[in-house]
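Dumped query.tsv below, it's TSV, C-alpha atoms and all ligand atoms:
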chain	number	residue	atom	x	y	z
D	17	MET	CA	0.00	0.00	0.00
D	18	PRO	CA	1.35	3.47	-0.79
D	19	GLY	CA	2.23	5.63	2.19
D	20	LEU	CA	0.91	9.08	3.05
D	21	PRO	CA	2.21	11.96	0.89
D	22	THR	CA	5.52	13.29	2.25
D	23	VAL	CA	7.71	16.36	1.94
D	24	ASP	CA	11.52	16.31	1.98
D	25	ALA	CA	12.08	18.98	4.64
D	26	PRO	CA	15.51	19.85	6.11
D	27	CYS	CA	16.48	19.76	9.80
D	28	SER	CA	14.01	21.88	11.78
D	29	LEU	CA	16.65	22.77	14.38
D	30	CYS	CA	19.60	23.96	12.29
D	31	GLY	CA	18.19	24.08	8.74
D	32	ALA	CA	20.89	21.85	7.26
D	33	ALA	CA	19.83	19.75	4.26
D	34	GLU	CA	22.42	16.98	4.67
D	35	SER	CA	21.26	13.94	6.62
D	36	GLU	CA	21.67	10.18	6.78
D	37	GLY	CA	18.99	7.55	7.30
D	38	VAL	CA	19.12	5.84	10.71
D	39	TRP	CA	15.97	3.75	11.21
D	40	SER	CA	13.15	2.79	8.87
D	41	THR	CA	9.88	1.15	9.95
D	42	LEU	CA	6.21	0.60	9.24
D	43	ASP	CA	3.56	2.04	11.57
D	44	ARG	CA	3.66	-0.55	14.35
D	45	ALA	CA	0.83	0.86	16.45
D	46	PHE	CA	-2.00	1.76	14.06
D	47	ALA	CA	-0.95	0.35	10.66
D	48	VAL	CA	-1.05	3.65	8.77
D	49	PRO	CA	0.16	2.59	5.29
D	50	GLY	CA	3.74	3.28	4.21
D	51	ARG	CA	7.28	2.97	5.44
D	52	TYR	CA	8.88	5.91	7.24
D	53	THR	CA	12.46	6.82	8.03
D	54	VAL	CA	14.27	8.64	10.82
D	55	ALA	CA	17.29	10.61	9.61
D	56	ARG	CA	20.14	12.18	11.55
D	57	CYS	CA	21.19	15.72	10.64
D	58	ARG	CA	24.83	15.61	9.54
D	59	ARG	CA	25.45	19.06	10.94
D	60	CYS	CA	23.77	19.06	14.37
D	61	GLY	CA	22.85	15.41	15.01
D	62	PHE	CA	19.10	16.03	15.37
D	63	LEU	CA	16.95	12.94	14.65
D	64	TYR	CA	13.85	13.61	12.55
D	65	GLN	CA	11.43	11.95	10.16
D	66	ARG	CA	12.65	12.42	6.60
D	67	PRO	CA	10.87	12.68	4.31
D	68	ARG	CA	8.02	13.58	6.63
D	69	VAL	CA	4.26	13.35	6.26
D	70	ARG	CA	2.90	16.54	4.69
D	71	ASP	CA	1.18	18.99	7.06
D	72	GLU	CA	-2.20	18.53	5.34
D	73	ASN	CA	-1.97	14.74	5.83
D	74	LEU	CA	-0.88	14.69	9.48
D	75	ALA	CA	-4.45	14.09	10.68
D	76	ASP	CA	-4.47	10.86	8.62
D	77	CYS	CA	-1.81	9.46	10.97
D	78	TYR	CA	-4.32	9.31	13.85
D	79	PRO	CA	-7.15	6.75	13.97
D	80	ASP	CA	-10.42	7.64	15.68
D	81	HIS	CA	-9.48	5.42	18.61
D	82	TYR	CA	-6.10	7.15	19.21
D	83	PRO	CA	-5.74	6.77	23.01
D	84	ARG	CA	-4.78	10.36	23.80
D	85	HIS	CA	-7.97	11.57	22.13
D	86	GLN	CA	-10.26	9.58	24.40
D	87	GLU	CA	-8.81	9.24	27.86
D	88	PRO	CA	-11.78	8.31	30.02
D	89	SER	CA	-10.78	10.06	33.24
D	90	PRO	CA	-8.32	12.76	34.23
D	91	ARG	CA	-4.97	11.76	35.70
D	92	ILE	CA	-5.85	13.09	39.12
D	93	PRO	CA	-3.09	12.50	41.65
D	94	PHE	CA	-5.56	11.75	44.46
D	95	LYS	CA	-6.10	8.13	43.48
D	96	GLY	CA	-5.59	4.97	45.49
D	97	SER	CA	-5.85	4.02	49.14
D	98	PRO	CA	-6.59	6.61	51.87
D	99	ALA	CA	-2.97	6.20	53.06
D	100	ARG	CA	-1.65	7.01	49.60
D	101	VAL	CA	-3.91	10.05	49.26
D	102	ARG	CA	-2.67	11.31	52.65
D	103	ALA	CA	0.90	11.01	51.39
D	104	VAL	CA	0.07	12.80	48.13
D	105	ARG	CA	-1.57	15.66	50.04
D	106	TRP	CA	1.44	15.94	52.31
D	107	ALA	CA	3.90	15.93	49.39
D	108	LEU	CA	1.90	18.60	47.56
D	109	ALA	CA	1.76	20.77	50.67
D	110	SER	CA	5.31	20.34	51.87
D	111	ALA	CA	7.20	20.29	48.55
D	112	LEU	CA	5.08	22.22	46.09
D	113	GLY	CA	3.35	24.95	48.07
D	114	TYR	CA	-0.22	23.57	48.05
D	115	ASP	CA	-0.99	24.74	51.58
D	116	SER	CA	-4.70	23.96	51.31
D	117	PHE	CA	-3.80	20.25	51.22
D	118	ARG	CA	-1.85	20.43	54.47
D	119	ASP	CA	-3.28	18.09	57.12
D	120	ARG	CA	-2.38	18.83	60.71
D	121	ARG	CA	-1.38	15.42	61.96
D	122	VAL	CA	0.71	13.31	59.68
D	123	GLY	CA	2.75	10.30	60.82
D	124	LEU	CA	6.30	9.40	59.98
D	125	LEU	CA	5.27	6.69	57.48
D	126	THR	CA	3.14	9.15	55.54
D	127	ARG	CA	6.03	11.60	55.42
D	128	LEU	CA	8.41	8.93	54.18
D	129	ARG	CA	5.95	7.83	51.53
D	130	ALA	CA	5.47	11.46	50.50
D	131	ALA	CA	9.22	11.92	50.15
D	132	LEU	CA	9.35	8.98	47.73
D	133	MET	CA	6.57	10.48	45.60
D	134	ARG	CA	8.01	13.93	45.35
D	135	ARG	CA	9.90	13.69	42.07
D	136	ARG	CA	6.97	12.20	40.18
D	137	LEU	CA	4.55	14.73	41.66
D	138	ARG	CA	6.89	17.59	40.94
D	139	TRP	CA	6.66	16.61	37.29
D	140	GLU	CA	2.90	16.14	37.17
D	141	CYS	CA	1.89	18.97	39.48
D	142	PRO	CA	3.37	22.42	38.89
D	143	PRO	CA	4.39	24.37	42.01
D	144	TRP	CA	1.42	26.27	43.40
D	145	THR	CA	1.48	29.98	42.68
D	146	GLY	CA	-1.95	30.73	44.11
D	147	GLU	CA	-5.02	30.74	41.83
D	148	GLY	CA	-2.70	30.42	38.86
D	149	ARG	CA	-3.65	29.97	35.22
D	150	TYR	CA	-2.65	26.77	33.45
D	151	LEU	CA	-2.59	26.08	29.70
D	152	ASP	CA	-2.14	22.56	28.33
D	153	VAL	CA	-0.99	22.56	24.72
D	154	GLY	CA	-2.19	19.44	22.87
D	155	CYS	CA	-4.57	18.62	25.70
D	156	GLY	CA	-6.18	15.60	24.00
D	157	SER	CA	-9.43	14.77	25.77
D	158	GLY	CA	-8.33	16.75	28.81
D	159	GLY	CA	-6.49	14.28	31.08
D	160	SER	CA	-4.00	16.86	32.35
D	161	LEU	CA	-6.59	19.65	32.46
D	162	GLY	CA	-8.75	17.58	34.81
D	163	ALA	CA	-5.80	16.93	37.08
D	164	ALA	CA	-4.71	20.60	37.14
D	165	LYS	CA	-8.28	21.68	37.83
D	166	ALA	CA	-8.52	19.27	40.76
D	167	LEU	CA	-5.41	20.92	42.18
D	168	GLY	CA	-7.04	24.34	41.98
D	169	TRP	CA	-5.70	25.79	38.72
D	170	GLN	CA	-7.81	27.79	36.26
D	171	VAL	CA	-7.34	25.74	33.13
D	172	ALA	CA	-7.36	26.24	29.36
D	173	GLY	CA	-6.35	23.94	26.51
D	174	ILE	CA	-5.44	23.63	22.85
D	175	GLU	CA	-6.28	20.52	20.83
D	176	VAL	CA	-6.17	20.00	17.08
D	177	ASP	CA	-8.44	16.92	17.03
D	178	ALA	CA	-12.02	18.22	17.05
D	179	ALA	CA	-13.60	15.23	18.84
D	180	ALA	CA	-10.92	15.23	21.57
D	181	ALA	CA	-11.24	19.01	22.00
D	182	GLU	CA	-14.98	18.55	22.53
D	183	LYS	CA	-14.32	16.00	25.31
D	184	SER	CA	-11.86	18.33	27.00
D	185	ARG	CA	-14.60	20.98	27.34
D	186	ARG	CA	-15.92	19.03	30.37
D	187	PHE	CA	-13.14	20.78	32.33
D	188	THR	CA	-13.23	24.30	30.86
D	189	SER	CA	-14.89	26.35	28.14
D	190	GLU	CA	-11.48	27.83	27.29
D	191	ILE	CA	-10.50	25.32	24.63
D	192	HIS	CA	-8.99	26.27	21.29
D	193	ALA	CA	-9.88	23.53	18.82
D	194	GLY	CA	-7.28	23.85	16.08
D	195	ASP	CA	-3.60	24.26	15.35
D	196	ILE	CA	-1.37	25.39	18.22
D	197	LEU	CA	0.12	28.26	16.24
D	198	THR	CA	-3.33	29.72	15.46
D	199	ALA	CA	-4.56	29.80	19.10
D	200	ARG	CA	-5.31	33.32	20.24
D	201	PHE	CA	-4.55	33.31	23.94
D	202	ALA	CA	-3.05	36.59	25.15
D	203	ALA	CA	0.70	36.86	25.64
D	204	GLY	CA	1.72	36.49	29.29
D	205	ALA	CA	-1.66	35.04	30.26
D	206	PHE	CA	-0.51	31.84	31.97
D	207	ASP	CA	1.65	30.84	34.93
D	208	VAL	CA	2.19	27.32	33.60
D	209	VAL	CA	2.11	26.08	30.02
D	210	SER	CA	2.55	22.34	29.49
D	211	ALA	CA	2.96	20.09	26.45
D	212	PHE	CA	2.92	16.37	27.25
D	213	HIS	CA	4.00	14.27	24.26
D	214	VAL	CA	3.17	16.99	21.76
D	215	LEU	CA	6.43	18.47	20.52
D	216	GLU	CA	7.48	15.29	18.73
D	217	HIS	CA	4.25	15.43	16.67
D	218	VAL	CA	4.51	18.97	15.23
D	219	PRO	CA	6.34	20.04	12.04
D	220	ASP	CA	8.04	23.07	13.66
D	221	PRO	CA	8.82	22.32	17.33
D	222	VAL	CA	10.84	25.51	17.89
D	223	ALA	CA	7.89	27.65	16.75
D	224	VAL	CA	5.61	25.80	19.18
D	225	VAL	CA	7.99	26.29	22.13
D	226	ARG	CA	8.28	29.98	21.19
D	227	ARG	CA	4.48	30.32	21.36
D	228	MET	CA	4.41	28.46	24.69
D	229	LEU	CA	6.97	30.87	26.12
D	230	ASP	CA	5.00	33.86	24.73
D	231	TRP	CA	1.96	32.73	26.68
D	232	LEU	CA	3.90	32.62	29.96
D	233	ALA	CA	3.65	35.40	32.51
D	234	PRO	CA	6.97	36.65	33.97
D	235	GLY	CA	8.37	33.92	36.22
D	236	GLY	CA	6.11	31.28	34.64
D	237	ILE	CA	7.26	27.79	33.73
D	238	ALA	CA	6.80	25.56	30.72
D	239	ILE	CA	6.69	21.77	31.15
D	240	ILE	CA	7.61	19.68	28.13
D	241	GLU	CA	7.56	15.88	28.01
D	242	VAL	CA	8.80	13.86	25.02
D	243	PRO	CA	10.19	10.36	24.43
D	244	ASN	CA	13.96	10.28	25.00
D	245	ALA	CA	15.73	9.16	21.81
D	246	GLY	CA	18.99	9.46	23.75
D	247	GLY	CA	17.87	6.98	26.41
D	248	LEU	CA	18.47	3.30	27.01
D	249	GLY	CA	15.39	2.10	25.09
D	250	ALA	CA	16.42	3.76	21.81
D	251	TRP	CA	20.01	2.64	22.26
D	252	LEU	CA	19.07	-0.98	22.96
D	253	PHE	CA	16.26	-1.47	20.48
D	254	GLY	CA	17.06	0.92	17.61
D	255	ARG	CA	14.29	0.84	15.03
D	256	ALA	CA	12.24	-1.43	17.32
D	257	TRP	CA	12.19	1.24	20.07
D	258	SER	CA	8.55	1.90	20.97
D	259	GLY	CA	9.17	5.66	21.19
D	260	LEU	CA	9.70	5.95	17.42
D	261	GLU	CA	5.93	5.85	16.72
D	262	LEU	CA	6.32	6.44	13.00
D	263	PRO	CA	4.76	8.19	11.17
D	264	ARG	CA	3.21	10.20	14.05
D	265	HIS	CA	6.52	11.32	15.57
D	266	LEU	CA	8.24	13.83	13.31
D	267	SER	CA	11.07	14.72	15.74
D	268	HIS	CA	13.03	12.45	18.08
D	269	PHE	CA	14.57	14.48	20.87
D	270	THR	CA	17.50	13.71	23.11
D	271	PRO	CA	18.00	15.83	26.25
D	272	GLU	CA	20.61	17.74	24.24
D	273	SER	CA	18.44	18.49	21.19
D	274	LEU	CA	15.40	19.33	23.34
D	275	SER	CA	17.51	21.84	25.29
D	276	ARG	CA	18.67	23.30	21.99
D	277	ALA	CA	15.06	23.67	20.77
D	278	VAL	CA	14.10	25.42	24.03
D	279	GLU	CA	17.09	27.77	23.81
D	280	GLN	CA	16.44	28.57	20.14
D	281	ALA	CA	12.90	29.52	21.16
D	282	GLY	CA	14.30	31.91	23.78
D	283	GLY	CA	13.85	29.75	26.88
D	284	ARG	CA	16.14	28.28	29.50
D	285	VAL	CA	16.05	24.71	30.84
D	286	LEU	CA	15.59	24.63	34.62
D	287	TRP	CA	15.74	20.87	35.05
D	288	CYS	CA	15.55	17.73	32.99
D	289	TRP	CA	14.47	14.30	34.15
D	290	HIS	CA	14.27	10.94	32.39
D	291	GLN	CA	11.91	8.19	33.43
D	292	ALA	CA	11.18	4.99	31.53
D	293	LYS	CA	8.24	2.74	32.33
D	294	PRO	CA	8.80	-1.03	32.17
D	295	ARG	CA	6.01	-1.41	29.63
D	296	TYR	CA	7.94	0.71	27.10
D	297	TYR	CA	10.77	-1.84	27.20
D	298	LEU	CA	8.27	-4.68	26.86
D	299	TRP	CA	6.66	-3.08	23.80
D	300	SER	CA	10.10	-2.50	22.26
D	301	LEU	CA	11.12	-6.08	23.00
D	302	GLY	CA	7.93	-7.31	21.28
D	303	PHE	CA	8.71	-5.22	18.17
D	304	TRP	CA	12.32	-6.40	18.20
D	305	LEU	CA	11.31	-10.06	18.38
D	306	ARG	CA	8.87	-9.57	15.51
D	307	ASP	CA	11.58	-7.86	13.44
D	308	ARG	CA	14.06	-10.61	14.24
D	309	ASP	CA	11.79	-13.17	12.60
D	310	GLY	CA	11.88	-11.17	9.38
D	311	GLY	CA	15.20	-9.34	9.42
D	312	ALA	CA	18.55	-8.71	11.02
D	313	TRP	CA	19.27	-6.99	14.34
D	314	PRO	CA	19.33	-3.31	13.46
D	315	GLY	CA	22.01	-2.37	16.00
D	316	PRO	CA	22.23	0.75	18.10
D	317	PRO	CA	22.45	4.15	16.43
D	318	SER	CA	26.03	5.35	16.12
D	319	GLY	CA	26.57	8.35	18.35
D	320	GLY	CA	23.16	8.02	20.03
D	321	PRO	CA	24.33	6.88	23.45
D	322	SER	CA	26.70	9.82	23.85
D	323	THR	CA	23.70	12.11	24.24
D	324	ALA	CA	21.99	9.99	26.92
D	325	ARG	CA	21.79	11.33	30.44
D	401	ZN	ZN	20.45	20.00	12.18

Before anything else, please render the file you have as structure tokens.
Ligand SMILES: [Zn+2]
Amino acid sequence: MPGLPTVDAPCSLCGAAESEGVWSTLDRAFAVPGRYTVARCRRCGFLYQRPRVRDENLADCYPDHYPRHQEPSPRIPFKGSPARVRAVRWALASALGYDSFRDRRVGLLTRLRAALMRRRLRWECPPWTGEGRYLDVGCGSGGSLGAAKALGWQVAGIEVDAAAAEKSRRFTSEIHAGDILTARFAAGAFDVVSAFHVLEHVPDPVAVVRRMLDWLAPGGIAIIEVPNAGGLGAWLFGRAWSGLELPRHLSHFTPESLSRAVEQAGGRVLWCWHQAKPRYYLWSLGFWLRDRDGGAWPGPPSGGPSTAR
């Protein structure tokens, strides 16, 4: 079957036209027709889909049942046993400034448990600035908006998929259904702007980060989460790495190239954290075993591991 129409675009970080093919795969998750390739920029090392699916065909990469577009419930941190919820409340209050969640009497075990949760919560829950405004870019059906709202934020979202945008309206009427770059939120209007697994899907990631930073009030923070192409999974599994997600992922960031994108957009990286879930390795292993039946071990990307942190 022929693939989606593509365009031979140069590196979106440095503009160089010279690149070399690194990995080539079919769509393993949703069977979009075609075979797609990740290239490495010969000048700056950035990994990107080349040729890439044309802008007007990007929507064809996403089936109606794409998980992000129909998350059933928000990722609220207050889930689980009463003991866990007590620990979450304590961690939010003691480490992130959510004083309204502070309970008077908390035992040593709860405090210990809270200490173990801090890093994860710090990622999912922005520090409390008091009645702050929160914008989630690429909000899908609103999973992160629901969580931020439960924490007390005034929330707004941007989502290009019309059906998903409609679902996200259960949390706020402030939803822009359309392209990120056409959203008309006022400059400086938000204290936090997040983009969870969005940047790797857009044709011009630097332009998107620039808009995100525009929307931030002075002292605001942006939170960006992407798969780590410089991590162990990509190094071990190569073209079988589950984070490749071709043809939906147009860019494949390492901590180094993501920092470069943020700096080119005028921002500064405050901290960077890598976490891999066991299921990602299991998916990759499954793809690798399937490939092994029909082809040779692809090998790790040359130079890839040097950018891992
Ligand atoms: Zn480049």

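A distance cut-off of 9 Å from ligand ZN 401 (chain D), applied to all atoms listed in the file, picks out the residues Pro26, Cys27, Ser28, Leu29, Cys30, Gly31, Ala32, Ala33, Glu34, Ser35, Arg56, Cys57, Arg58, Arg59, Cys60, Gly61, Phe62 and Leu63 of chain D.
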
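Closest to Phe94 (chain D) among D:Gly302, D:Ala233, D:Ala166, D:Ala130 is D:Ala166, based on all atoms listed in the file.
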
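Picture a line from CA of Pro221 (chain D) to CA of Gln86 (chain D); it runs 24.0 Å.
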
Take CA of Thr145 (chain D) and CA of Pro234 (chain D) and report the distance between them in Å, one decimal.
-> 12.3 Å

Polymer residues at most 10 Å from Gly259 (chain D), only C-alpha atoms, same-chain spacing of 3 or more positions, as number ranges by chain | D: 242-245, 249-250, 254-256, 262, 265, 268, 296-297, 299-300

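The closest residue to Pro142 (chain D), picked from D:Trp169, D:Trp251, D:Tyr52, D:Phe117 and counting only C-alpha atoms, is D:Trp169.
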
Val176 (chain D): which residues within 6 Å, counting all atoms listed in the file, same-chain residues fewer than 2 positions away excluded, as an NGL selection string?
-> :D and (193-195)
